[in-house]
$ cat final.pdb   # PDB, C-alpha atoms, pLDDT in the B column
ATOM      1  CA  MET U  50       7.293  11.442 -29.631  1.00 83.00           C
ATOM      2  CA  ILE U  51       7.935  12.030 -25.963  1.00 94.00           C
ATOM      3  CA  ASP U  52       5.773  15.173 -26.158  1.00 97.00           C
ATOM      4  CA  VAL U  53       2.673  13.003 -25.875  1.00 97.00           C
ATOM      5  CA  ILE U  54       4.018  11.592 -22.594  1.00 98.00           C
ATOM      6  CA  LEU U  55       4.777  15.076 -21.263  1.00 98.00           C
ATOM      7  CA  LYS U  56       1.275  16.184 -22.237  1.00 98.00           C
ATOM      8  CA  TYR U  57      -0.166  13.892 -19.564  1.00 98.00           C
ATOM      9  CA  PHE U  58       2.804  13.626 -17.197  1.00 98.00           C
ATOM     10  CA  PRO U  59       4.397  17.089 -17.183  1.00 98.00           C
ATOM     11  CA  ASP U  60       6.238  16.619 -13.879  1.00 97.00           C
ATOM     12  CA  LEU U  61       8.735  13.995 -15.019  1.00 98.00           C
ATOM     13  CA  THR U  62      12.266  14.363 -13.727  1.00 98.00           C
ATOM     14  CA  ALA U  63      15.141  14.951 -16.148  1.00 98.00           C
ATOM     15  CA  LYS U  64      16.176  11.306 -15.691  1.00 98.00           C
ATOM     16  CA  GLN U  65      12.686  10.042 -16.483  1.00 98.00           C
ATOM     17  CA  ARG U  66      12.481  12.208 -19.609  1.00 98.00           C
ATOM     18  CA  GLU U  67      15.821  10.874 -20.782  1.00 98.00           C
ATOM     19  CA  GLN U  68      14.735   7.275 -20.169  1.00 98.00           C
ATOM     20  CA  PHE U  69      11.484   7.729 -22.090  1.00 98.00           C
ATOM     21  CA  GLU U  70      13.416   9.372 -24.937  1.00 98.00           C
ATOM     22  CA  GLN U  71      15.816   6.430 -25.038  1.00 98.00           C
ATOM     23  CA  LEU U  72      12.901   4.036 -25.500  1.00 98.00           C
ATOM     24  CA  GLY U  73      12.114   5.820 -28.769  1.00 97.00           C
ATOM     25  CA  VAL U  74      15.571   4.863 -30.051  1.00 97.00           C
ATOM     26  CA  LEU U  75      16.061   1.439 -28.516  1.00 97.00           C
ATOM     27  CA  TYR U  76      12.751  -0.211 -29.391  1.00 97.00           C
ATOM     28  CA  PRO U  77      12.957   0.532 -33.150  1.00 96.00           C
ATOM     29  CA  GLU U  78      16.567  -0.683 -33.147  1.00 96.00           C
ATOM     30  CA  TRP U  79      15.711  -3.962 -31.442  1.00 95.00           C
ATOM     31  CA  ASN U  80      12.524  -4.372 -33.436  1.00 93.00           C
ATOM     32  CA  SER U  81      14.469  -4.367 -36.688  1.00 92.00           C
ATOM     33  CA  HIS U  82      16.118  -7.600 -35.492  1.00 91.00           C
ATOM     34  CA  ILE U  83      13.525  -9.193 -33.198  1.00 90.00           C
ATOM     35  CA  ASN U  84       9.852  -8.503 -33.727  1.00 88.00           C
ATOM     36  CA  VAL U  85       8.636  -7.513 -30.241  1.00 90.00           C
ATOM     37  CA  ILE U  86       6.196  -4.909 -31.593  1.00 91.00           C
ATOM     38  CA  SER U  87       4.268  -5.235 -34.840  1.00 87.00           C
ATOM     39  CA  ARG U  88       6.420  -3.775 -37.635  1.00 83.00           C
ATOM     40  CA  LYS U  89       3.392  -1.784 -38.762  1.00 83.00           C
ATOM     41  CA  ASP U  90       2.938  -0.392 -35.261  1.00 90.00           C
ATOM     42  CA  ILE U  91       6.466   0.607 -34.281  1.00 92.00           C
ATOM     43  CA  ASP U  92       5.889   4.171 -35.544  1.00 92.00           C
ATOM     44  CA  ASN U  93       3.102   4.426 -32.964  1.00 95.00           C
ATOM     45  CA  LEU U  94       5.372   3.335 -30.110  1.00 97.00           C
ATOM     46  CA  TYR U  95       4.734   6.301 -27.836  1.00 97.00           C
ATOM     47  CA  ILE U  96       0.928   6.344 -28.040  1.00 97.00           C
ATOM     48  CA  ASN U  97       0.019   2.692 -28.595  1.00 96.00           C
ATOM     49  CA  HIS U  98       2.553   1.134 -26.244  1.00 97.00           C
ATOM     50  CA  ILE U  99       4.247   3.562 -23.851  1.00 98.00           C
ATOM     51  CA  LEU U 100       1.312   5.890 -23.128  1.00 98.00           C
ATOM     52  CA  HIS U 101      -1.073   2.924 -23.150  1.00 98.00           C
ATOM     53  CA  SER U 102       1.047   1.293 -20.442  1.00 98.00           C
ATOM     54  CA  LEU U 103       1.017   4.516 -18.431  1.00 98.00           C
ATOM     55  CA  ALA U 104      -2.769   4.447 -18.174  1.00 98.00           C
ATOM     56  CA  ILE U 105      -2.096   2.468 -14.994  1.00 98.00           C
ATOM     57  CA  ALA U 106      -0.219   5.502 -13.646  1.00 98.00           C
ATOM     58  CA  LYS U 107      -3.352   7.588 -14.223  1.00 98.00           C
ATOM     59  CA  PHE U 108      -5.434   5.025 -12.368  1.00 97.00           C
ATOM     60  CA  MET U 109      -3.270   4.853  -9.233  1.00 97.00           C
ATOM     61  CA  THR U 110      -0.173   6.147  -7.478  1.00 97.00           C
ATOM     62  CA  PRO U 111       1.414   3.347  -5.456  1.00 98.00           C
ATOM     63  CA  VAL U 112       3.346   3.838  -2.243  1.00 98.00           C
ATOM     64  CA  ALA U 113       7.107   3.298  -2.257  1.00 98.00           C
ATOM     65  CA  GLY U 114       8.027  -0.375  -2.093  1.00 97.00           C
ATOM     66  CA  THR U 115       4.907  -1.624  -3.897  1.00 98.00           C
ATOM     67  CA  ARG U 116       5.678  -4.799  -5.843  1.00 98.00           C
ATOM     68  CA  PHE U 117       4.283  -5.559  -9.292  1.00 98.00           C
ATOM     69  CA  MET U 118       4.363  -8.639 -11.488  1.00 98.00           C
ATOM     70  CA  ASP U 119       4.025  -7.918 -15.221  1.00 98.00           C
ATOM     71  CA  LEU U 120       2.506 -11.130 -16.567  1.00 97.00           C
ATOM     72  CA  GLY U 121       3.163 -11.707 -20.286  1.00 95.00           C
ATOM     73  CA  THR U 122       5.369  -8.639 -20.579  1.00 96.00           C
ATOM     74  CA  GLY U 123       6.477  -9.323 -24.165  1.00 94.00           C
ATOM     75  CA  GLY U 124       9.012  -6.618 -24.959  1.00 94.00           C
ATOM     76  CA  GLY U 125       8.451  -4.919 -21.604  1.00 97.00           C
ATOM     77  CA  PHE U 126       4.922  -3.487 -21.568  1.00 97.00           C
ATOM     78  CA  PRO U 127       3.500  -2.230 -19.306  1.00 98.00           C
ATOM     79  CA  GLY U 128       6.379  -3.003 -16.921  1.00 98.00           C
ATOM     80  CA  ILE U 129       9.198  -0.866 -18.309  1.00 98.00           C
ATOM     81  CA  PRO U 130       7.217   2.396 -18.695  1.00 98.00           C
ATOM     82  CA  LEU U 131       5.764   1.898 -15.205  1.00 98.00           C
ATOM     83  CA  ALA U 132       9.195   1.158 -13.746  1.00 98.00           C
ATOM     84  CA  ILE U 133      10.410   4.467 -15.184  1.00 98.00           C
ATOM     85  CA  MET U 134       7.391   6.279 -13.757  1.00 98.00           C
ATOM     86  CA  TRP U 135       7.673   4.672 -10.293  1.00 98.00           C
ATOM     87  CA  PRO U 136      11.396   4.207  -9.486  1.00 98.00           C
ATOM     88  CA  ASP U 137      10.576   3.484  -5.817  1.00 98.00           C
ATOM     89  CA  CYS U 138       8.501   0.411  -6.724  1.00 98.00           C
ATOM     90  CA  ARG U 139       9.684  -3.033  -7.805  1.00 98.00           C
ATOM     91  CA  PHE U 140       8.719  -4.853 -11.011  1.00 98.00           C
ATOM     92  CA  HIS U 141       9.106  -8.515 -11.965  1.00 98.00           C
ATOM     93  CA  LEU U 142       8.555  -9.047 -15.713  1.00 98.00           C
ATOM     94  CA  ILE U 143       7.594 -12.539 -16.904  1.00 97.00           C
ATOM     95  CA  ASP U 144       7.129 -13.964 -20.387  1.00 96.00           C
ATOM     96  CA  ARG U 145       7.271 -17.396 -22.014  1.00 95.00           C
ATOM     97  CA  ILE U 146       9.181 -16.133 -25.070  1.00 95.00           C
ATOM     98  CA  GLY U 147      12.856 -15.896 -24.246  1.00 95.00           C
ATOM     99  CA  LYS U 148      13.878 -13.542 -27.040  1.00 95.00           C
ATOM    100  CA  LYS U 149      11.299 -10.983 -25.943  1.00 95.00           C
ATOM    101  CA  VAL U 150      12.465 -11.194 -22.333  1.00 96.00           C
ATOM    102  CA  ASN U 151      16.042 -10.662 -23.540  1.00 96.00           C
ATOM    103  CA  VAL U 152      15.015  -7.534 -25.446  1.00 97.00           C
ATOM    104  CA  ALA U 153      13.174  -6.137 -22.415  1.00 97.00           C
ATOM    105  CA  ARG U 154      16.137  -6.905 -20.154  1.00 98.00           C
ATOM    106  CA  SER U 155      18.595  -5.306 -22.574  1.00 97.00           C
ATOM    107  CA  ILE U 156      16.500  -2.148 -22.864  1.00 98.00           C
ATOM    108  CA  ALA U 157      16.099  -1.901 -19.084  1.00 98.00           C
ATOM    109  CA  GLU U 158      19.861  -2.217 -18.647  1.00 98.00           C
ATOM    110  CA  ALA U 159      20.549   0.337 -21.383  1.00 98.00           C
ATOM    111  CA  ILE U 160      18.397   3.011 -19.741  1.00 98.00           C
ATOM    112  CA  GLY U 161      19.671   2.256 -16.240  1.00 98.00           C
ATOM    113  CA  LEU U 162      16.520   0.793 -14.688  1.00 98.00           C
ATOM    114  CA  GLU U 163      17.439  -0.700 -11.322  1.00 96.00           C
ATOM    115  CA  ASN U 164      13.971  -1.650 -10.067  1.00 98.00           C
ATOM    116  CA  VAL U 165      13.190  -4.476 -12.508  1.00 98.00           C
ATOM    117  CA  THR U 166      13.857  -8.206 -12.621  1.00 98.00           C
ATOM    118  CA  PHE U 167      13.029 -10.664 -15.398  1.00 97.00           C
ATOM    119  CA  TYR U 168      11.966 -14.275 -15.735  1.00 96.00           C
ATOM    120  CA  HIS U 169      11.725 -16.379 -18.879  1.00 96.00           C
ATOM    121  CA  GLY U 170       9.060 -18.979 -18.263  1.00 94.00           C
ATOM    122  CA  ASP U 171       5.502 -19.577 -17.180  1.00 91.00           C
ATOM    123  CA  SER U 172       3.908 -17.520 -14.413  1.00 89.00           C
ATOM    124  CA  GLY U 173       2.862 -20.804 -12.813  1.00 88.00           C
ATOM    125  CA  GLU U 174       6.525 -21.310 -11.946  1.00 92.00           C
ATOM    126  CA  CYS U 175       6.587 -18.067  -9.962  1.00 93.00           C
ATOM    127  CA  HIS U 176       5.528 -18.480  -6.334  1.00 91.00           C
ATOM    128  CA  GLU U 177       6.361 -14.982  -5.125  1.00 96.00           C
ATOM    129  CA  ARG U 178       3.616 -12.658  -3.958  1.00 97.00           C
ATOM    130  CA  PHE U 179       3.042  -9.145  -5.222  1.00 98.00           C
ATOM    131  CA  ASP U 180       0.758  -6.243  -4.429  1.00 98.00           C
ATOM    132  CA  PHE U 181      -0.491  -6.138  -8.009  1.00 98.00           C
ATOM    133  CA  VAL U 182      -0.308  -8.182 -11.172  1.00 98.00           C
ATOM    134  CA  VAL U 183      -0.392  -5.995 -14.283  1.00 98.00           C
ATOM    135  CA  SER U 184      -0.950  -7.237 -17.800  1.00 97.00           C
ATOM    136  CA  ARG U 185      -1.655  -6.000 -21.278  1.00 95.00           C
ATOM    137  CA  ALA U 186      -4.123  -8.110 -23.274  1.00 78.00           C
ATOM    138  CA  VAL U 187      -2.319 -11.434 -22.910  1.00 81.00           C
ATOM    139  CA  MET U 188      -5.373 -13.656 -22.309  1.00 87.00           C
ATOM    140  CA  ARG U 189      -9.028 -13.703 -21.323  1.00 91.00           C
ATOM    141  CA  LEU U 190      -9.822 -11.888 -18.096  1.00 93.00           C
ATOM    142  CA  ASP U 191     -11.380 -14.914 -16.380  1.00 92.00           C
ATOM    143  CA  GLU U 192      -8.302 -17.024 -17.158  1.00 92.00           C
ATOM    144  CA  LEU U 193      -5.968 -14.254 -16.023  1.00 93.00           C
ATOM    145  CA  VAL U 194      -7.715 -13.980 -12.660  1.00 94.00           C
ATOM    146  CA  LYS U 195      -7.354 -17.729 -12.043  1.00 93.00           C
ATOM    147  CA  ILE U 196      -3.674 -17.735 -12.958  1.00 94.00           C
ATOM    148  CA  CYS U 197      -2.542 -14.709 -10.960  1.00 94.00           C
ATOM    149  CA  ARG U 198      -4.588 -15.146  -7.781  1.00 94.00           C
ATOM    150  CA  LYS U 199      -1.857 -17.195  -6.074  1.00 95.00           C
ATOM    151  CA  ASN U 200       0.651 -14.384  -6.621  1.00 97.00           C
ATOM    152  CA  ILE U 201      -1.316 -11.664  -4.827  1.00 97.00           C
ATOM    153  CA  SER U 202      -0.088 -10.672  -1.380  1.00 97.00           C
ATOM    154  CA  ARG U 203      -2.607 -10.552   1.454  1.00 94.00           C
ATOM    155  CA  THR U 204      -1.038  -7.392   2.932  1.00 94.00           C
ATOM    156  CA  ASN U 205      -2.581  -4.242   1.479  1.00 95.00           C
ATOM    157  CA  ARG U 206      -0.595  -1.023   1.568  1.00 94.00           C
ATOM    158  CA  ASN U 207      -2.224   1.083  -1.141  1.00 96.00           C
ATOM    159  CA  GLY U 208      -5.529   2.907  -1.479  1.00 90.00           C
ATOM    160  CA  TYR U 209      -6.688   0.184  -3.852  1.00 92.00           C
ATOM    161  CA  GLY U 210      -6.757  -3.352  -2.504  1.00 95.00           C
ATOM    162  CA  ASN U 211      -4.204  -5.739  -3.963  1.00 98.00           C
ATOM    163  CA  GLY U 212      -5.248  -7.423  -7.185  1.00 97.00           C
ATOM    164  CA  LEU U 213      -5.109  -7.479 -10.959  1.00 97.00           C
ATOM    165  CA  ILE U 214      -4.849  -4.411 -13.186  1.00 98.00           C
ATOM    166  CA  CYS U 215      -4.994  -5.125 -16.903  1.00 97.00           C
ATOM    167  CA  LEU U 216      -5.327  -3.169 -20.114  1.00 97.00           C
ATOM    168  CA  LYS U 217      -7.909  -4.457 -22.561  1.00 94.00           C
ATOM    169  CA  GLY U 218      -9.918  -3.483 -25.631  1.00 90.00           C
ATOM    170  CA  GLY U 219     -13.327  -4.360 -27.055  1.00 84.00           C
ATOM    171  CA  ASP U 220     -16.323  -6.043 -25.469  1.00 82.00           C
ATOM    172  CA  LEU U 221     -15.329  -7.888 -22.298  1.00 82.00           C
ATOM    173  CA  THR U 222     -18.774  -9.229 -21.370  1.00 82.00           C
ATOM    174  CA  SER U 223     -17.962 -12.894 -21.956  1.00 85.00           C
ATOM    175  CA  GLU U 224     -14.506 -12.610 -20.374  1.00 85.00           C
ATOM    176  CA  SER U 225     -15.905 -10.993 -17.244  1.00 83.00           C
ATOM    177  CA  HIS U 226     -18.578 -13.626 -16.651  1.00 81.00           C
ATOM    178  CA  GLY U 227     -18.025 -15.202 -13.272  1.00 80.00           C
ATOM    179  CA  VAL U 228     -15.337 -12.706 -12.217  1.00 90.00           C
ATOM    180  CA  ARG U 229     -16.355 -10.887  -9.044  1.00 89.00           C
ATOM    181  CA  ASP U 230     -15.932  -7.153  -8.318  1.00 92.00           C
ATOM    182  CA  VAL U 231     -14.706  -6.178 -11.792  1.00 94.00           C
ATOM    183  CA  MET U 232     -14.188  -2.437 -12.208  1.00 94.00           C
ATOM    184  CA  ASP U 233     -13.935  -0.999 -15.724  1.00 94.00           C
ATOM    185  CA  PHE U 234     -12.368   2.393 -16.531  1.00 96.00           C
ATOM    186  CA  PRO U 235     -12.469   3.641 -20.171  1.00 97.00           C
ATOM    187  CA  LEU U 236      -9.069   5.027 -21.126  1.00 98.00           C
ATOM    188  CA  SER U 237     -10.815   7.938 -22.825  1.00 97.00           C
ATOM    189  CA  LEU U 238     -11.184   9.238 -19.248  1.00 96.00           C
ATOM    190  CA  TYR U 239      -7.425   9.707 -19.163  1.00 97.00           C
ATOM    191  CA  PHE U 240      -6.290  10.284 -22.754  1.00 98.00           C
ATOM    192  CA  SER U 241      -7.861  12.149 -25.705  1.00 98.00           C
ATOM    193  CA  GLU U 242      -6.118  10.351 -28.593  1.00 98.00           C
ATOM    194  CA  PRO U 243      -8.472   8.294 -30.847  1.00 97.00           C
ATOM    195  CA  TYR U 244      -6.511   5.094 -30.127  1.00 97.00           C
ATOM    196  CA  PHE U 245      -7.936   5.011 -26.603  1.00 97.00           C
ATOM    197  CA  GLU U 246     -11.614   5.282 -27.520  1.00 96.00           C
ATOM    198  CA  THR U 247     -12.079   1.495 -27.366  1.00 95.00           C
ATOM    199  CA  LYS U 248      -9.481   0.743 -24.681  1.00 96.00           C
ATOM    200  CA  GLN U 249     -10.189  -0.013 -21.038  1.00 96.00           C
ATOM    201  CA  LEU U 250      -8.419  -0.507 -17.749  1.00 97.00           C
ATOM    202  CA  ILE U 251      -9.782  -3.397 -15.715  1.00 96.00           C
ATOM    203  CA  TYR U 252      -9.211  -3.647 -11.966  1.00 97.00           C
ATOM    204  CA  VAL U 253     -10.104  -6.783 -10.032  1.00 96.00           C
ATOM    205  CA  PRO U 254      -9.354  -6.864  -6.280  1.00 96.00           C
ATOM    206  CA  LEU U 255      -8.190 -10.345  -5.277  1.00 95.00           C
TER
END

$ encode --input "final.pdb" --output "structure tokens"
Amino acid sequence: MIDVILKYFPDLTAKQREQFEQLGVLYPEWNSHINVISRKDIDNLYINHILHSLAIAKFMTPVAGTRFMDLGTGGGFPGIPLAIMWPDCRFHLIDRIGKKVNVARSIAEAIGLENVTFYHGDSGECHERFDFVVSRAVMRLDELVKICRKNISRTNRNGYGNGLICLKGGDLTSESHGVRDVMDFPLSLYFSEPYFETKQLIYVPL
């Protein structure tokens, strides 16, 4: 329920509240036709997917105009919740699976998001530069760093230097080997729900 979002983000505008509420209707509807979220997990949409995505909004508050690439967005996570939270920023959502991109695009259009674009394909085909690449457990951290480095802008405009912000779970020791300047933030710092006890936010300046 949206109450769990309001618990941590009480200052949402009426438009933002409405958009988050719409996600609770649209994702189950789409998921009954195209499996973008595990069927067993759709009842946990708000905690396991929307609030999880918004951990990045607890980590930082970007300046207006900040550009994000969501690499491996799937059905739109973390990009769509973040685009709702930060309407003055721009988001480019990329995934190799066309049907998932189509679901994310349809949901964004349905809730009136105007700060998102979509691409069906491989991130290697994208040569744009962004302030941050965000991602949610799509691949090993060391591989992710190699892939997204070329897409990071050299012009910093936020308190955190440009780089990769990803949401992960479990032991990341092997994944982090050889990756410089990794910063690890347990999501239990931000959220009290049991789901987040083993989840982490990883920031790598690039």

$ closest_residue --input "final.pdb" --among "U:Met232, U:Arg145, U:Ser155, U:Asn164" --to "Ala132 of chain U" --atoms "only C-alpha atoms"
U:Asn164

$ closest_atom_pairs --input "final.pdb" --of "segment 64-160 of chain U" --to "segment 181-192 of chain U" --cutoff "9 Å" --atoms "only C-alpha atoms" --output "CSV"
residue,atom,partner,partner_atom,distance
U:Ser102,CA,U:Arg185,CA,7.8
U:Ile105,CA,U:Val183,CA,8.7
U:Thr115,CA,U:Phe181,CA,8.2
U:Arg116,CA,U:Phe181,CA,6.7
U:Phe117,CA,U:Phe181,CA,5.0
U:Met118,CA,U:Val182,CA,4.7
U:Asp119,CA,U:Val183,CA,4.9
U:Leu120,CA,U:Ser184,CA,5.3
U:Gly121,CA,U:Val187,CA,6.1
U:Thr122,CA,U:Ser184,CA,7.0
U:Phe126,CA,U:Arg185,CA,7.0
U:Pro127,CA,U:Arg185,CA,6.7
U:Gly128,CA,U:Val183,CA,7.9

$ resolve_selection --input "final.pdb" --expression "the PyMOL selection byres ((chain U and resi 70) around 12)" --output "count of residues only"
26

$ closest_residue --input "final.pdb" --among "U:Lys248, U:Arg203, U:Lys56, U:Arg154" --to "Asp233 of chain U" --atoms "only C-alpha atoms"
U:Lys248

$ closest_residue --input "final.pdb" --among "U:Val228, U:Leu193, U:Asn80, U:Asp171" --to "Leu213 of chain U" --atoms "all atoms listed in the file"
U:Leu193

$ closest_residue --input "final.pdb" --among "U:Met134, U:Ala157, U:Leu255, U:Ile143" --to "Asn205 of chain U" --atoms "all atoms listed in the file"
U:Leu255

$ closest_residue --input "final.pdb" --among "U:Phe140, U:Phe179, U:Tyr209, U:Phe108" --to "Leu238 of chain U" --atoms "all atoms listed in the file"
U:Phe108

$ resolve_selection --input "final.pdb" --expression "the PyMOL selection byres ((chain U and resi 86) around 12)" --output "JSON, numbers by chain"
{"U": [76, 77, 78, 79, 80, 81, 82, 83, 84, 85, 87, 88, 89, 90, 91, 92, 93, 94, 95, 97, 98, 99, 122, 123, 124, 125, 126, 149, 152, 153]}

$ axis_aligned_box --input "final.pdb" --around "segment 104-116 of chain U" --padding-each-side "3 Å" --output "AutoDock Vina command-line options"
--center_x 1.3 --center_y 1.4 --center_z -10.1 --size_x 19.5 --size_y 18.4 --size_z 22.1
